[in-house]
Amino acid sequence: MQIKIVKDKLAGGEAAFEMIKAGMANNAKVLGLATGSTPITLYDKMTASDLDFSNMVSVNLDEYVGLPASNDQSYHYFMNEHLFSKKPFKATYVPNGEAENVEAEVERYEKVIADNPIDIQILGIGRNGHIGFNEPGSPLDGPTHKVALTQSTIDANARFFENESDVPRYAISMGIGSIMKSKEIILMAYGEDKADAIQATVEGPVTNHVPASVLQNHANVTLILDEAAASKLSK
Ligand SMILES: N[C@@H]1[C@@H](O)[C@H](O)[C@@H](COP(=O)(O)O)O[C@@H]1O
């Protein structure tokens, strides 16, 4: 793993942007995209730039089950708000959380990934080490699947909803196996809330108790961290 320590999340977004730009100059065509607060500075940088994404395809990691795309907490809404409404892409894919048949949607989405192999995957990380919505205990080689969110993730997301009971309990997520097929992976983490997860990801054993630790087995991973997120690393 390569580790880049940056001053703050603005510098982190810029560093990730430069890597995407270099990847696109090197023929990258498919970006794997993430939601959460972490990638916002990257998306801001992308929308402010004159880099042309109209030949690029994007494939998002995950979506809540049961939230309509019009709900401002859905990941469809988030992506439109922060990126897609401002930067045209050739095609953008996000799992359909409103699908009546979730199993069929999971299969359709895995086919989307197979048809659009991801060149550069952007990741954030949950406080418990989850990537996408692959919670601790997820198989390290699994495909897209329906996930029951853990209480820690529900609690972390509760601040965005009026009541805790409004937080969705399920999501559709790209599997860890699907993520690991990406040619290049950029994981960003900022703030001391993420320090334990980053320490376990980088220095702990590869275990599905810390899903991000599997990235140790990937040949091309860069972690972009601020000082606080990197503060528990031993070197
Ligand atoms: N499914 C998303 C993840 O993709 C994201 O990495 C995580 C951390 O969010 P934040 O970046 O807001 O800390 O939140 C959610 O669980």
# chains A, B, ... in the order shown; residues from 1 in each chain; ligands from 1
call {"tool": "residues_around", "arguments": {"residues": "region 191-195 of chain A", "least_positions_apart": "6", "cutoff": "12 Å", "atoms": "only C-alpha atoms", "output": "PyMOL selection string"}}
result
chain A and resi 6-9+12+37-38+124-130+156+201-203+212+224-234
call {"tool": "write_last_selection", "arguments": {"atoms": "N, CA and C atoms", "output": "PDB file, in the first residue's frame"}}
result
ATOM      1  N   VAL A   6      -1.677  14.011   3.852  1.00  0.00           N
ATOM      2  CA  VAL A   6      -1.966  15.357   3.348  1.00  0.00           C
ATOM      3  C   VAL A   6      -2.365  16.267   4.501  1.00  0.00           C
ATOM      4  N   LYS A   7      -2.328  17.567   4.232  1.00  0.00           N
ATOM      5  CA  LYS A   7      -2.588  18.563   5.272  1.00  0.00           C
ATOM      6  C   LYS A   7      -4.043  18.480   5.765  1.00  0.00           C
ATOM      7  N   ASP A   8      -4.963  18.376   4.825  1.00  0.00           N
ATOM      8  CA  ASP A   8      -6.376  18.365   5.200  1.00  0.00           C
ATOM      9  C   ASP A   8      -7.187  17.772   4.046  1.00  0.00           C
ATOM     10  N   LYS A   9      -8.512  17.742   4.206  1.00  0.00           N
ATOM     11  CA  LYS A   9      -9.329  17.073   3.196  1.00  0.00           C
ATOM     12  C   LYS A   9      -9.334  17.810   1.857  1.00  0.00           C
ATOM     13  N   GLY A  12      -6.372  16.485   0.256  1.00  0.00           N
ATOM     14  CA  GLY A  12      -6.668  15.081  -0.076  1.00  0.00           C
ATOM     15  C   GLY A  12      -7.471  14.974  -1.359  1.00  0.00           C
ATOM     16  N   SER A  37     -19.162  11.752   3.384  1.00  0.00           N
ATOM     17  CA  SER A  37     -18.592  13.105   3.385  1.00  0.00           C
ATOM     18  C   SER A  37     -17.179  13.116   2.801  1.00  0.00           C
ATOM     19  N   THR A  38     -16.474  12.002   2.914  1.00  0.00           N
ATOM     20  CA  THR A  38     -15.055  11.978   2.540  1.00  0.00           C
ATOM     21  C   THR A  38     -14.771  12.393   1.090  1.00  0.00           C
ATOM     22  N   GLY A 124     -14.129   5.503   0.609  1.00  0.00           N
ATOM     23  CA  GLY A 124     -13.998   6.034   1.961  1.00  0.00           C
ATOM     24  C   GLY A 124     -13.878   4.815   2.864  1.00  0.00           C
ATOM     25  N   ILE A 125     -13.999   5.028   4.157  1.00  0.00           N
ATOM     26  CA  ILE A 125     -13.949   3.894   5.084  1.00  0.00           C
ATOM     27  C   ILE A 125     -14.864   4.188   6.267  1.00  0.00           C
ATOM     28  N   GLY A 126     -15.594   3.178   6.704  1.00  0.00           N
ATOM     29  CA  GLY A 126     -16.437   3.345   7.891  1.00  0.00           C
ATOM     30  C   GLY A 126     -15.582   3.259   9.148  1.00  0.00           C
ATOM     31  N   ARG A 127     -16.134   3.720  10.264  1.00  0.00           N
ATOM     32  CA  ARG A 127     -15.376   3.687  11.514  1.00  0.00           C
ATOM     33  C   ARG A 127     -15.069   2.260  11.955  1.00  0.00           C
ATOM     34  N   ASN A 128     -15.870   1.317  11.475  1.00  0.00           N
ATOM     35  CA  ASN A 128     -15.592  -0.089  11.797  1.00  0.00           C
ATOM     36  C   ASN A 128     -14.801  -0.779  10.677  1.00  0.00           C
ATOM     37  N   GLY A 129     -14.244  -0.005   9.769  1.00  0.00           N
ATOM     38  CA  GLY A 129     -13.414  -0.583   8.711  1.00  0.00           C
ATOM     39  C   GLY A 129     -14.193  -1.056   7.493  1.00  0.00           C
ATOM     40  N   HIS A 130     -15.502  -0.691   7.425  1.00  0.00           N
ATOM     41  CA  HIS A 130     -16.242  -1.152   6.243  1.00  0.00           C
ATOM     42  C   HIS A 130     -15.876  -0.347   4.996  1.00  0.00           C
ATOM     43  N   ALA A 156     -24.028   5.974  12.960  1.00  0.00           N
ATOM     44  CA  ALA A 156     -23.204   6.986  12.292  1.00  0.00           C
ATOM     45  C   ALA A 156     -24.040   7.763  11.271  1.00  0.00           C
ATOM     46  N   THR A 201      -6.457  -1.423   9.154  1.00  0.00           N
ATOM     47  CA  THR A 201      -6.397  -1.672   7.709  1.00  0.00           C
ATOM     48  C   THR A 201      -4.958  -1.866   7.244  1.00  0.00           C
ATOM     49  N   VAL A 202      -4.069  -1.034   7.787  1.00  0.00           N
ATOM     50  CA  VAL A 202      -2.686  -1.027   7.288  1.00  0.00           C
ATOM     51  C   VAL A 202      -1.813  -2.021   8.038  1.00  0.00           C
ATOM     52  N   GLU A 203      -2.002  -2.102   9.364  1.00  0.00           N
ATOM     53  CA  GLU A 203      -1.039  -2.858  10.179  1.00  0.00           C
ATOM     54  C   GLU A 203      -1.623  -4.125  10.792  1.00  0.00           C
ATOM     55  N   ALA A 212     -11.630  -3.464   5.173  1.00  0.00           N
ATOM     56  CA  ALA A 212     -10.621  -2.733   4.387  1.00  0.00           C
ATOM     57  C   ALA A 212      -9.236  -3.374   4.465  1.00  0.00           C
ATOM     58  N   ILE A 224      -5.008   7.983   1.044  1.00  0.00           N
ATOM     59  CA  ILE A 224      -4.790   9.417   1.220  1.00  0.00           C
ATOM     60  C   ILE A 224      -5.371   9.778   2.581  1.00  0.00           C
ATOM     61  N   LEU A 225      -4.494  10.193   3.506  1.00  0.00           N
ATOM     62  CA  LEU A 225      -4.905  10.372   4.906  1.00  0.00           C
ATOM     63  C   LEU A 225      -4.492  11.746   5.400  1.00  0.00           C
ATOM     64  N   ASP A 226      -5.309  12.325   6.273  1.00  0.00           N
ATOM     65  CA  ASP A 226      -4.793  13.499   6.980  1.00  0.00           C
ATOM     66  C   ASP A 226      -4.047  12.999   8.232  1.00  0.00           C
ATOM     67  N   GLU A 227      -3.385  13.919   8.924  1.00  0.00           N
ATOM     68  CA  GLU A 227      -2.557  13.533  10.084  1.00  0.00           C
ATOM     69  C   GLU A 227      -3.393  12.785  11.124  1.00  0.00           C
ATOM     70  N   ALA A 228      -4.620  13.261  11.339  1.00  0.00           N
ATOM     71  CA  ALA A 228      -5.447  12.648  12.389  1.00  0.00           C
ATOM     72  C   ALA A 228      -5.797  11.197  12.039  1.00  0.00           C
ATOM     73  N   ALA A 229      -6.157  10.952  10.792  1.00  0.00           N
ATOM     74  CA  ALA A 229      -6.509   9.575  10.383  1.00  0.00           C
ATOM     75  C   ALA A 229      -5.279   8.673  10.422  1.00  0.00           C
ATOM     76  N   ALA A 230      -4.100   9.272  10.224  1.00  0.00           N
ATOM     77  CA  ALA A 230      -2.858   8.481  10.202  1.00  0.00           C
ATOM     78  C   ALA A 230      -2.214   8.376  11.589  1.00  0.00           C
ATOM     79  N   SER A 231      -2.866   8.998  12.603  1.00  0.00           N
ATOM     80  CA  SER A 231      -2.168   9.197  13.891  1.00  0.00           C
ATOM     81  C   SER A 231      -1.877   7.913  14.651  1.00  0.00           C
ATOM     82  N   LYS A 232      -2.565   6.819  14.344  1.00  0.00           N
ATOM     83  CA  LYS A 232      -2.310   5.583  15.090  1.00  0.00           C
ATOM     84  C   LYS A 232      -1.393   4.610  14.323  1.00  0.00           C
ATOM     85  N   LEU A 233      -0.895   5.047  13.174  1.00  0.00           N
ATOM     86  CA  LEU A 233       0.045   4.192  12.433  1.00  0.00           C
ATOM     87  C   LEU A 233       1.391   4.220  13.156  1.00  0.00           C
ATOM     88  N   SER A 234       2.089   3.070  13.147  1.00  0.00           N
ATOM     89  CA  SER A 234       3.312   3.009  13.964  1.00  0.00           C
ATOM     90  C   SER A 234       4.468   3.745  13.317  1.00  0.00           C
TER      91      SER A 234
END
call {"tool": "residues_near_ligand", "arguments": {"ligand": "ligand 1", "cutoff": "10 Å", "atoms": "only C-alpha atoms and all ligand atoms", "output": "PyMOL selection string"}}
result
chain A and resi 33-40+60-64+75+122-135+149-150+152-154+156-157+171-173+187-191+193-194
call {"tool": "write_last_selection", "arguments": {"atoms": "C-alpha atoms", "output": "JSON list (two decimals), in the first residue's frame"}}
result
[["chain", "number", "residue", "atom", "x", "y", "z"],
["A", 33, "LEU", "CA", -17.29, 6.15, -7.03],
["A", 34, "ALA", "CA", -18.18, 6.42, -3.35],
["A", 35, "THR", "CA", -20.51, 8.51, -1.22],
["A", 36, "GLY", "CA", -20.19, 9.84, 2.33],
["A", 37, "SER", "CA", -18.59, 13.10, 3.39],
["A", 38, "THR", "CA", -15.06, 11.98, 2.54],
["A", 39, "PRO", "CA", -15.09, 12.21, -1.29],
["A", 40, "ILE", "CA", -16.86, 15.58, -1.41],
["A", 60, "ASN", "CA", -21.09, 3.62, -7.65],
["A", 61, "LEU", "CA", -20.45, 1.37, -4.71],
["A", 62, "ASP", "CA", -23.78, 1.22, -2.98],
["A", 63, "GLU", "CA", -27.29, 2.49, -2.29],
["A", 64, "TYR", "CA", -29.80, 2.17, 0.53],
["A", 75, "TYR", "CA", -26.93, 7.97, -2.79],
["A", 122, "ILE", "CA", -12.54, 5.63, -4.97],
["A", 123, "LEU", "CA", -13.24, 4.50, -1.41],
["A", 124, "GLY", "CA", -14.00, 6.03, 1.96],
["A", 125, "ILE", "CA", -13.95, 3.89, 5.08],
["A", 126, "GLY", "CA", -16.44, 3.34, 7.89],
["A", 127, "ARG", "CA", -15.38, 3.69, 11.51],
["A", 128, "ASN", "CA", -15.59, -0.09, 11.80],
["A", 129, "GLY", "CA", -13.41, -0.58, 8.71],
["A", 130, "HIS", "CA", -16.24, -1.15, 6.24],
["A", 131, "ILE", "CA", -15.81, -0.31, 2.56],
["A", 132, "GLY", "CA", -18.86, 0.35, 0.44],
["A", 133, "PHE", "CA", -21.41, -1.20, 2.77],
["A", 134, "ASN", "CA", -19.39, -4.34, 3.34],
["A", 135, "GLU", "CA", -19.69, -4.57, 7.08],
["A", 149, "LEU", "CA", -26.37, -2.54, 8.14],
["A", 150, "THR", "CA", -24.75, -2.81, 11.58],
["A", 152, "SER", "CA", -22.65, 1.26, 14.38],
["A", 153, "THR", "CA", -23.30, 2.27, 10.76],
["A", 154, "ILE", "CA", -26.95, 3.04, 11.49],
["A", 156, "ALA", "CA", -23.20, 6.99, 12.29],
["A", 157, "ASN", "CA", -25.86, 7.76, 9.66],
["A", 171, "ALA", "CA", -28.37, -1.53, 1.44],
["A", 172, "ILE", "CA", -27.17, -2.96, -1.87],
["A", 173, "SER", "CA", -23.40, -2.92, -2.02],
["A", 187, "LEU", "CA", -9.00, 5.16, -0.25],
["A", 188, "MET", "CA", -9.35, 8.49, 1.50],
["A", 189, "ALA", "CA", -9.81, 8.98, 5.25],
["A", 190, "TYR", "CA", -9.86, 12.14, 7.33],
["A", 191, "GLY", "CA", -10.21, 12.77, 11.06],
["A", 193, "ASP", "CA", -12.64, 8.95, 14.09],
["A", 194, "LYS", "CA", -11.01, 6.94, 11.33]]
call {"tool": "closest_residue", "arguments": {"among": "A:Glu164, A:Glu105, A:Asp141, A:Glu100", "to": "Ile176 (chain A)", "atoms": "only C-alpha atoms"}}
result
A:Asp141
call {"tool": "atom_distance", "arguments": {"atom1": "CA of Ser138 (chain A)", "atom2": "CA of Pro211 (chain A)"}}
result
7.1 Å
call {"tool": "residues_around", "arguments": {"residues": "Val65 (chain A)", "least_positions_apart": "4", "cutoff": "9 Å", "atoms": "only C-alpha atoms", "output": "PyMOL selection string"}}
result
chain A and resi 96-99+102+146+168-172
call {"tool": "select_by_dssp", "arguments": {"residues": "region 4-229 of chain A", "states": "strand (DSSP E or B)", "output": "JSON, numbers by chain"}}
result
{"A": [4, 5, 6, 30, 31, 32, 33, 57, 58, 59, 60, 62, 63, 64, 91, 92, 93, 120, 121, 122, 123, 131, 134, 145, 146, 147, 148, 170, 171, 172, 173, 184, 185, 186, 187, 188, 189, 221, 222, 223, 224, 225, 226]}
call {"tool": "write_last_selection", "arguments": {"atoms": "C-alpha atoms", "output": "mmCIF file, in the first residue's frame"}}
result
data_model
loop_
_atom_site.group_PDB
_atom_site.id
_atom_site.type_symbol
_atom_site.label_atom_id
_atom_site.label_comp_id
_atom_site.auth_asym_id
_atom_site.auth_seq_id
_atom_site.Cartn_x
_atom_site.Cartn_y
_atom_site.Cartn_z
ATOM 1 C CA LYS A 4 0.060 9.790 1.217
ATOM 2 C CA ILE A 5 -0.316 12.074 4.199
ATOM 3 C CA VAL A 6 -1.966 15.357 3.348
ATOM 4 C CA VAL A 30 -14.345 3.616 -15.732
ATOM 5 C CA LEU A 31 -14.373 5.248 -12.307
ATOM 6 C CA GLY A 32 -15.760 3.484 -9.249
ATOM 7 C CA LEU A 33 -17.292 6.152 -7.029
ATOM 8 C CA VAL A 57 -18.381 5.714 -17.137
ATOM 9 C CA SER A 58 -18.960 5.738 -13.378
ATOM 10 C CA VAL A 59 -20.084 2.840 -11.228
ATOM 11 C CA ASN A 60 -21.093 3.620 -7.647
ATOM 12 C CA ASP A 62 -23.777 1.224 -2.982
ATOM 13 C CA GLU A 63 -27.293 2.486 -2.295
ATOM 14 C CA TYR A 64 -29.797 2.167 0.533
ATOM 15 C CA ALA A 91 -22.995 6.776 -18.282
ATOM 16 C CA THR A 92 -23.454 6.657 -14.517
ATOM 17 C CA TYR A 93 -24.524 3.574 -12.577
ATOM 18 C CA ILE A 120 -9.911 3.499 -10.575
ATOM 19 C CA GLN A 121 -12.025 2.842 -7.512
ATOM 20 C CA ILE A 122 -12.537 5.626 -4.967
ATOM 21 C CA LEU A 123 -13.238 4.496 -1.406
ATOM 22 C CA ILE A 131 -15.811 -0.307 2.564
ATOM 23 C CA ASN A 134 -19.394 -4.344 3.337
ATOM 24 C CA HIS A 145 -25.187 -8.273 -2.448
ATOM 25 C CA LYS A 146 -27.913 -7.065 -0.106
ATOM 26 C CA VAL A 147 -26.481 -6.034 3.255
ATOM 27 C CA ALA A 148 -28.009 -5.660 6.711
ATOM 28 C CA TYR A 170 -30.510 -2.518 4.391
ATOM 29 C CA ALA A 171 -28.365 -1.530 1.436
ATOM 30 C CA ILE A 172 -27.171 -2.963 -1.871
ATOM 31 C CA SER A 173 -23.396 -2.925 -2.017
ATOM 32 C CA GLU A 184 -6.351 0.794 -8.954
ATOM 33 C CA ILE A 185 -7.869 1.776 -5.613
ATOM 34 C CA ILE A 186 -7.713 5.141 -3.829
ATOM 35 C CA LEU A 187 -8.996 5.155 -0.253
ATOM 36 C CA MET A 188 -9.354 8.489 1.504
ATOM 37 C CA ALA A 189 -9.810 8.980 5.251
ATOM 38 C CA VAL A 221 -3.737 0.820 -3.519
ATOM 39 C CA THR A 222 -3.112 4.362 -2.318
ATOM 40 C CA LEU A 223 -4.364 5.636 1.015
ATOM 41 C CA ILE A 224 -4.790 9.417 1.220
ATOM 42 C CA LEU A 225 -4.905 10.372 4.906
ATOM 43 C CA ASP A 226 -4.793 13.499 6.980
#
call {"tool": "residues_around", "arguments": {"residues": "Pro117 (chain A)", "least_positions_apart": "3", "cutoff": "8 Å", "atoms": "only C-alpha atoms", "output": "count of residues only"}}
result
5
call {"tool": "closest_residue", "arguments": {"among": "A:Met1, A:Lys29, A:Met46, A:Gln73", "to": "Asp166 (chain A)", "atoms": "only C-alpha atoms"}}
result
A:Gln73
call {"tool": "residues_around", "arguments": {"residues": "Lys90 (chain A)", "least_positions_apart": "5", "cutoff": "7 Å", "atoms": "only C-alpha atoms", "output": "ChimeraX atom specification"}}
result
/A:54-57
call {"tool": "closest_residue", "arguments": {"among": "A:Leu215, A:Ile198, A:Gly204, A:Glu162", "to": "Ile179 (chain A)", "atoms": "only C-alpha atoms"}}
result
A:Leu215
call {"tool": "atom_distance", "arguments": {"atom1": "CA of Asn80 (chain A)", "atom2": "CA of Tyr109 (chain A)"}}
result
18.9 Å
call {"tool": "atom_distance", "arguments": {"atom1": "CA of Thr41 (chain A)", "atom2": "CA of Ser85 (chain A)"}}
result
16.0 Å
call {"tool": "closest_residue", "arguments": {"among": "A:Ser178, A:Lys235, A:Leu67, A:Ser213", "to": "Ile118 (chain A)", "atoms": "only C-alpha atoms"}}
result
A:Ser178
call {"tool": "closest_residue", "arguments": {"among": "A:Asn71, A:His209, A:Glu103, A:Val94", "to": "Val167 (chain A)", "atoms": "only C-alpha atoms"}}
result
A:Asn71
